[in-house]
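Below: one structure, written as structure tokens.
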Protein chains: 4
Amino acid sequence: MSGCPYFGKKQLLFQNKFQVKEEEDDSQEGVNKASKGGIIYGDYLQLDKVVTAQVLQSELKGNKIHDEHLFIVTHQAYELWFKQILWELDSVREIFISGHVRDERNMLKVVTRMHRIAMIFRLLVDQFAILETMTALDFFDFRDYLSPASGFQSLQFRLLENKIGVADNQRVPYNRRHYRDNFRGQESEILLKSEQEPTLLILVEQWLERTPGLEEEGFNFWGKLQTNIYEWLRLEKEKIEKLPESETKEEMLADLAKHREVFTALFDEKRHDHLLSKGERRLSYKALQGALMIYFYREEPRFQVPFQLLTSLMDIDTLMTKWRYNHVCMVHRMIGSKAGTGGSSGYHYLRSTVSDRYKVFVDLFNLATFLVPRDWVPKLNPSVHTFLYTAECCDSSYCSSDDSD
Amino acid sequence: MSGCPYFGKKQLLFQNKFQVKEEEDDSQEGVNKASKGGIIYGDYLQLDKVVTAQVLQSELKGNKIHDEHLFIVTHQAYELWFKQILWELDSVREIFISGHVRDERNMLKVVTRMHRIAMIFRLLVDQFAILETMTALDFFDFRDYLSPASGFQSLQFRLLENKIGVADNQRVPYNRRHYRDNFRGQESEILLKSEQEPTLLILVEQWLERTPGLEEEGFNFWGKLQTNIYEWLRLEKEKIEKLPESETKEEMLADLAKHREVFTALFDEKRHDHLLSKGERRLSYKALQGALMIYFYREEPRFQVPFQLLTSLMDIDTLMTKWRYNHVCMVHRMIGSKAGTGGSSGYHYLRSTVSDRYKVFVDLFNLATFLVPRDWVPKLNPSVHTFLYTAECCDSSYCSSDDSD
Amino acid sequence: MSGCPYFGKKQLLFQNKFQVKEEEDDSQEGVNKASKGGIIYGDYLQLDKVVTAQVLQSELKGNKIHDEHLFIVTHQAYELWFKQILWELDSVREIFISGHVRDERNMLKVVTRMHRIAMIFRLLVDQFAILETMTALDFFDFRDYLSPASGFQSLQFRLLENKIGVADNQRVPYNRRHYRDNFRGQESEILLKSEQEPTLLILVEQWLERTPGLEEEGFNFWGKLQTNIYEWLRLEKEKIEKLPESETKEEMLADLAKHREVFTALFDEKRHDHLLSKGERRLSYKALQGALMIYFYREEPRFQVPFQLLTSLMDIDTLMTKWRYNHVCMVHRMIGSKAGTGGSSGYHYLRSTVSDRYKVFVDLFNLATFLVPRDWVPKLNPSVHTFLYTAECCDSSYCSSDDSD
Amino acid sequence: MSGCPYFGKKQLLFQNKFQVKEEEDDSQEGVNKASKGGIIYGDYLQLDKVVTAQVLQSELKGNKIHDEHLFIVTHQAYELWFKQILWELDSVREIFISGHVRDERNMLKVVTRMHRIAMIFRLLVDQFAILETMTALDFFDFRDYLSPASGFQSLQFRLLENKIGVADNQRVPYNRRHYRDNFRGQESEILLKSEQEPTLLILVEQWLERTPGLEEEGFNFWGKLQTNIYEWLRLEKEKIEKLPESETKEEMLADLAKHREVFTALFDEKRHDHLLSKGERRLSYKALQGALMIYFYREEPRFQVPFQLLTSLMDIDTLMTKWRYNHVCMVHRMIGSKAGTGGSSGYHYLRSTVSDRYKVFVDLFNLATFLVPRDWVPKLNPSVHTFLYTAECCDSSYCSSDDSD
């Protein structure tokens, strides 16, 4: 923004189109003359609200503790950025919900915004280092004043979890209470609503299910892949069996058997549904196929940006767990673990949330288990499979790119 | 804070001492029952102000641009952290102004807070990466709506510069206007006041002037150092002159002459005052001596923490210029340099502020020019110079450590 | 790699295809039995070379200085990463040089590798913080032993500059010497060769010149853009002229005139060539058009990844200048600026290289000067301009994607 | 180093003292004339070893995979920095072992080096982001070639763990094998030796046990603290008991009882020894007292730098677990967790090492459980307890500060 003096002038040129009111408010004369009816920095950013919102409880209670200010500002900075993440996340979900994602002109927007969320999370992970300049003793001096305020009461963080797709039944309960019980009426409703709306997980799932190339009557990726893999394993077995008997040969055969099991697990839809019901997988069977297809053909023009999207989803998932882990580390430092005292602590609860149960796109990570050598990936022919390099662009009158979202 | 459930209970224990009102406000019953008269997260952080302060000008003008939200949040996050930096800076300045710094029990506080400021600046430098996920085109879509708002109008940033010690006469003027002209009446007065109050530079200067060991009638560091250095240079000259004539010998003699000049520049008080008047040096001659003394004897117990303070001051100075430079890089990307168009731009102005003129503690860096081999540093004797390991702790009734600041 | 125990087993399965020699070397029995003829960690990474290459000059000279080890390791880490950057850069240049880039299946590779280079540079910028834990005094203790070793002698860094496209005539000379004079015979030749090979700049330029849509007989982007812009400016002028006379109106007209100048500068090919000859622009006129086209239509499927490439190029350019600037800051701290001593220093030379002269893709930044409102960007029709969503995929027999590079 | 041209000249001045051989080696004439018998950059850094140590197994096997180079360089960079960390760690351990730490002039060195280790670890944590630009598929292309090389075979990392103080009996076994079984004869011996030498944990423990103020016949910190705490709890109980009966009162009493338990756990030496034997505490009872004393009196001049040391130790501990956690996240992405396949993976092993069992200075964190309000910390009187501001500086002839280490 500091570059804006450049625009201070420029704006004059286009001022008329922004309906600047011609009459100036006389009472403000001399005050914002420079602004010529426009807006100035502090008002634009509403700094009268943002930088006056630091009220120390310790000061109110007559015992001002210097470090409480840091504590407040750090948490406010977290909440500011959570708001931004929600802004991006909602806009991406909206593109998916409205069907705009079918017009592939919107994919850059989707990927860019997911990438931005990742960048913000990276900053938020680093931000703990600042709060950690406060020692346990400094915190002890004011922590009693804050009760019962608690990060468990961060509405935006819970919204974020819900909108990405953390499952209610995967949450670790704290003190045997449902997470929503920490919130007041209206907030609790907002949370409930966020659980019922399509999550990013569900939207991505639906999108993956439509991956071109999955059609059984068309390229039939899944069928071809299954055929190839079993052929590959068969050939491997043949090769091994020709070797003279030895301990190594035994091991190789054992290995091969394990390998076959791994792929059997992949092609067994019932098993998939069972894992789904336990929360160990989160994507539908069809969506899983779409994701693996994008993995294998990521260099095809049609799949380049979709592949970037899958990568971004893993980035965000990883960064959220890193955020959780860094949070745990800070809490350990601030309040200890109560180890050896017979007590239990928030530390242990938080630690339990650094778990794959909280990873939403866990399937994208686990697909790494099911890779095969490039030679065994079903071959595509660009002159037949033109979907590989031809994007879907809806007729602009039907699904126009909405610049405003 | 998320660890606070631990304290939700604990607080009960000490509740009485915080004058918790016994009667609960019935009208809020059911709403914050859990809070038992305490405060909850969102209220504590005043999130009703902080996360509702994002009003898009583009939306007001009927053309909502998605990325303006990022623009607002990023700048608000900067301002939040500027507030925190000012909080720390004011508390450190207060310790110096009140004379509490004479009680060396306060040195840990000073160093810790300066270090915290450095940590925050490090985050702020990284934070540009987030705003840079917005492209020039995205910015172009809404930048006209912001006029004439400009980062030049950031009160807190100017306060920060002034309180650290950026000199008014070192500032690069922009559009031939004084920096204070960008501010309205009250803000302008606050800025003027900040120029007149003792800056961190001045306070550190006064503290350095009191460095134990500088007393001419005592250890007389400066006198001894001067004697040693000239003796050292004399001996070097003797050694070189004994060598057979050669090109190398000539070069060595030329080098020695240059070296002598460097030290002559150091011991010439008039020259120092001349450089001071031009703004090329900022510390008094006496303070410079104190700083060099702390450099040389940094391992002595008395000087360990003071040395850390000097390092922190350089860190902050460097980080402020890195912040400026990263800012310039972002502005280049957002609005271009107008190179080759005949125009001039905010970019060029900002670039000119990435200069040693804006480095406040430039002398601390430049002392690196005046180092000498350890053998030639005047020797200290711990059994005589006990000031090296004995800290000054004022009588507690006189200068009590004030926990609240 | 630590995850590799997983593969320790798995490898057995495919071992035969890697021509593992059946006979084990008896002399090594007992030593690497676990390795079963494979390779172990330390040998794979050649740690016998890498972690034994830290020889302290100070120790050789009989005066071991602890911090010299940090100095060596930091520089070795820089060189290791420079090697990686060159590896990525060469592979990208090879894709361009061989014409493989015409097969757009290679674009993901290109973009991913450029992004990786940016990630590495980000680490290298941060890495200075580690070396800065060494103080000027610590450095002073051993710096004489290093003479005349100097970072000017880093072959890889110069190669990097040359291969990206830093122009020989844009370099700031140091001590009136050509940069290549710091290198010995063979190295000097390698450098000369790198100046003569196609730089990344030139390769990107050629690629930009082929941007679909530039053809005058086809979509004719440049012609249409010029028409639109002048029409836009004409309409703006009409609107302003209808306003009653006022100071504001005068300013608006003056502004408009400046704006017209800006665009005149854009559409004046002679001026472009003049700026090219001075080094203020680096891309050909045609390539500039291609870049601007990609900017405006970045959301079209065909241009999404190319737009990411342009962004990466700016990222790398910016990060290289940040690297330079962080380097300067560190040098200032280590050796001072010799300000006020009559001497000149390496600090001032290095500072002068933090300049737009060293920005290779400066045009991509400066295009931000030439943006226009979306309404005035020439319209494209997906049903006519099918190039927008159809990628070019060469026949695989002709330009096969080479997985190995 | 790039600043060294400055020194290229300067060195001439002092050349004679470095025994530069007068005769130049004719055979090298023309080659290193510029070096005048000194050393040049590439030779100094042994770049002929460092940047030629990247041999791709995939290339040797006839199937060059581009990304293997990144894999090698990243791991080499890790090992380079591990070497540096070991260098710092050994020097700090040496200061403790030799008793030099009794001369408090060495404390700055200790703290600075520990801080440097923390800075390096911070970089190493960030460094995973670079390797994560490699996808699971890219890794799959060459991972078989690496077998059985594994990060388990990193000698330096295990040394690092041992020297800091990871306990053998706290390690999670992998595949039922002792960690040392992954190493060959000589390496295994080096590891065994590192287990037997005094670890940083043990050295810090001994140092903490000597904390001035612990002497029972002197200030008797522990005795006074115990008295104060029980008095405090007694008064709290009295206050609560005066309240009218209520649910809240019940809760407060229950809380108080828990609180008493916490402190009972602190003052019970037998319990401490029991926790020690289980590995839940790592410091001796006396050392724990010393640490808590430093916590409470950290602002006293004598304890300022010791307090910084304790903070550094926690930083390093935390960063090592963050390194482990980031490593796990990367491995999950590269090889998946094999969830739902019936297999087990390196991922799960690595995940189990992100545990408090691997935190060496876990007691320093857990002390946060035992804080008390400042009013109840035993009072010190500077005029009596002069140890608070008087450092111990050994007679220089006895324990001279050794500049070389």
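Labels used: A, B, ... for chains in the order of the structure tokens, numbers from 1 for residues in each chain, and numbers from 1 for ligands as shown.
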Using only C-alpha atoms, find each residue in chain B having at least one atom no more than 9 Å away from chain C; report its shortest atom-to-atom pair and that distance in Å (one decimal), rows by chain then rising number, as CSV.
residue,atom,partner,partner_atom,distance
B:Thr135,CA,C:Thr311,CA,8.6
B:Ala136,CA,C:Ala368,CA,5.8
B:Leu137,CA,C:Leu371,CA,7.1
B:Phe140,CA,C:Leu371,CA,7.3
B:Asp141,CA,C:Pro373,CA,7.0
B:Lys258,CA,C:Gly343,CA,7.6
B:Glu261,CA,C:Thr341,CA,6.9
B:Val262,CA,C:Thr341,CA,5.0
B:Phe263,CA,C:Thr341,CA,8.0
B:Thr264,CA,C:Thr341,CA,8.2
B:Ala265,CA,C:Thr341,CA,5.5
B:Leu266,CA,C:Thr341,CA,7.8
B:Arg271,CA,C:Gly340,CA,8.3
B:His272,CA,C:Gly340,CA,8.3
B:Leu275,CA,C:Gly340,CA,7.0
B:Glu280,CA,C:Ala339,CA,7.4
B:Arg281,CA,C:Gly340,CA,8.4
B:Tyr295,CA,C:Leu137,CA,7.6
B:Phe296,CA,C:Leu137,CA,7.9
B:Thr311,CA,C:Thr135,CA,8.6
B:Met314,CA,C:Arg333,CA,8.1
B:Thr318,CA,C:Cys329,CA,6.7
B:Thr321,CA,C:Cys329,CA,8.9
B:Lys322,CA,C:Asn326,CA,7.6
B:Tyr325,CA,C:Lys322,CA,7.9
B:Asn326,CA,C:Lys322,CA,7.6
B:Cys329,CA,C:Thr318,CA,6.7
B:Met330,CA,C:Thr318,CA,8.9
B:His332,CA,C:Phe365,CA,6.2
B:Arg333,CA,C:Phe365,CA,5.0
B:Met334,CA,C:Ala368,CA,6.3
B:Ile335,CA,C:Ala368,CA,5.1
B:Gly336,CA,C:Asn366,CA,4.2
B:Ser337,CA,C:Asn366,CA,5.8
B:Lys338,CA,C:Thr369,CA,5.7
B:Ala339,CA,C:Asn366,CA,7.0
B:Gly340,CA,C:Leu275,CA,7.0
B:Thr341,CA,C:Val262,CA,5.0
B:Gly342,CA,C:Val262,CA,7.3
B:Gly343,CA,C:Lys258,CA,7.5
B:Asp363,CA,C:Gly336,CA,8.9
B:Leu364,CA,C:Arg333,CA,8.3
B:Phe365,CA,C:Arg333,CA,5.0
B:Asn366,CA,C:Gly336,CA,4.2
B:Leu367,CA,C:Gly336,CA,6.5
B:Ala368,CA,C:Gly336,CA,4.8
B:Thr369,CA,C:Gly336,CA,5.1
B:Phe370,CA,C:Gly336,CA,8.6
B:Leu371,CA,C:Leu137,CA,7.1
B:Val372,CA,C:Phe140,CA,8.1
B:Pro373,CA,C:Asp141,CA,7.1
B:Arg374,CA,C:Asp141,CA,8.0
(Q) List as a list in words the protein and nucleic acid residues near Phe71 (chain D), meaning an atom at most 8 Å away when only C-alpha atoms are counted, but skip any in the same chain fewer than 4 places from it. (A)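 In the requested format, the answer is Asp67, His75 and Leu131 of chain D.
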Next, the residues of the selection above should be written as an mmCIF file, in the first residue's frame with N, CA, C and O atoms.
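Written file, part.cif:
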data_model
loop_
_atom_site.group_PDB
_atom_site.id
_atom_site.type_symbol
_atom_site.label_atom_id
_atom_site.label_comp_id
_atom_site.auth_asym_id
_atom_site.auth_seq_id
_atom_site.Cartn_x
_atom_site.Cartn_y
_atom_site.Cartn_z
ATOM 1 N N ASP D 67 15.344 -36.234 -10.091
ATOM 2 C CA ASP D 67 15.160 -35.809 -8.697
ATOM 3 C C ASP D 67 16.089 -36.494 -7.697
ATOM 4 O O ASP D 67 16.164 -36.067 -6.540
ATOM 5 N N HIS D 75 20.235 -34.450 1.648
ATOM 6 C CA HIS D 75 20.806 -35.239 2.745
ATOM 7 C C HIS D 75 22.237 -34.807 3.067
ATOM 8 O O HIS D 75 22.639 -34.810 4.227
ATOM 9 N N LEU D 131 12.762 -30.625 0.099
ATOM 10 C CA LEU D 131 12.655 -32.021 -0.328
ATOM 11 C C LEU D 131 11.205 -32.362 -0.681
ATOM 12 O O LEU D 131 10.944 -33.198 -1.556
#
Q) Any idea what the distance is between CA of Gly42 (chain D) and CA of Pro148 (chain C)? A) 11.4 Å
Q | Nearby residues (only C-alpha atoms) at most 12 Å from Lys163 (chain A), same-chain spacing under 5 positions excluded, as a PyMOL selection string | A | chain A and resi 85-94+156-158+168+190-203+360
Q: Using only C-alpha atoms, determine which residues lie at most 8 Å from Glu205 (chain D), disregarding the query and same-chain residues fewer than 4 positions distant; provide the list as a PyMOL selection string.
A: chain D and resi 201+209+283-284+287
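Considering the residues C:Ile72, C:Cys394, C:Val101, C:Leu225 and counting only C-alpha atoms, Ser58 (chain C) has its shortest atom-to-atom contact with C:Ile72.
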Q.
Rounded to one decimal, what separation in Å do you get between CA of His66 (chain D) and CA of Leu123 (chain D)?
A. 24.7 Å
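The gap separating CA of Arg122 (chain A) from CA of Gln304 (chain C) is 24.3 Å, in Å to one decimal.
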**Q.** DSSP alpha helix (DSSP H) selection over region 233-353 of chain A, as an NGL selection string
**A.** :A and (233-241 or 247-267 or 269-278 or 285-296 or 301-335 or 346-352)
Q.
What's around region 381-390 of chain D at 8 Å? Count only C-alpha atoms, leave out sequence neighbours fewer than 4 positions away in its own chain, and write the answer as a VMD selection string.
A. (chain B and resid 389 to 393 395) or (chain D and resid 212 219 300 to 303)
Q: Do a neighbour search on Gln226 (chain C) at 10 Å with only C-alpha atoms, toss out local chain neighbours closer than 2 positions, and write the hits as a ChimeraX atom specification.
A: /C:221-224,228-232,263-264,266-267,377-378
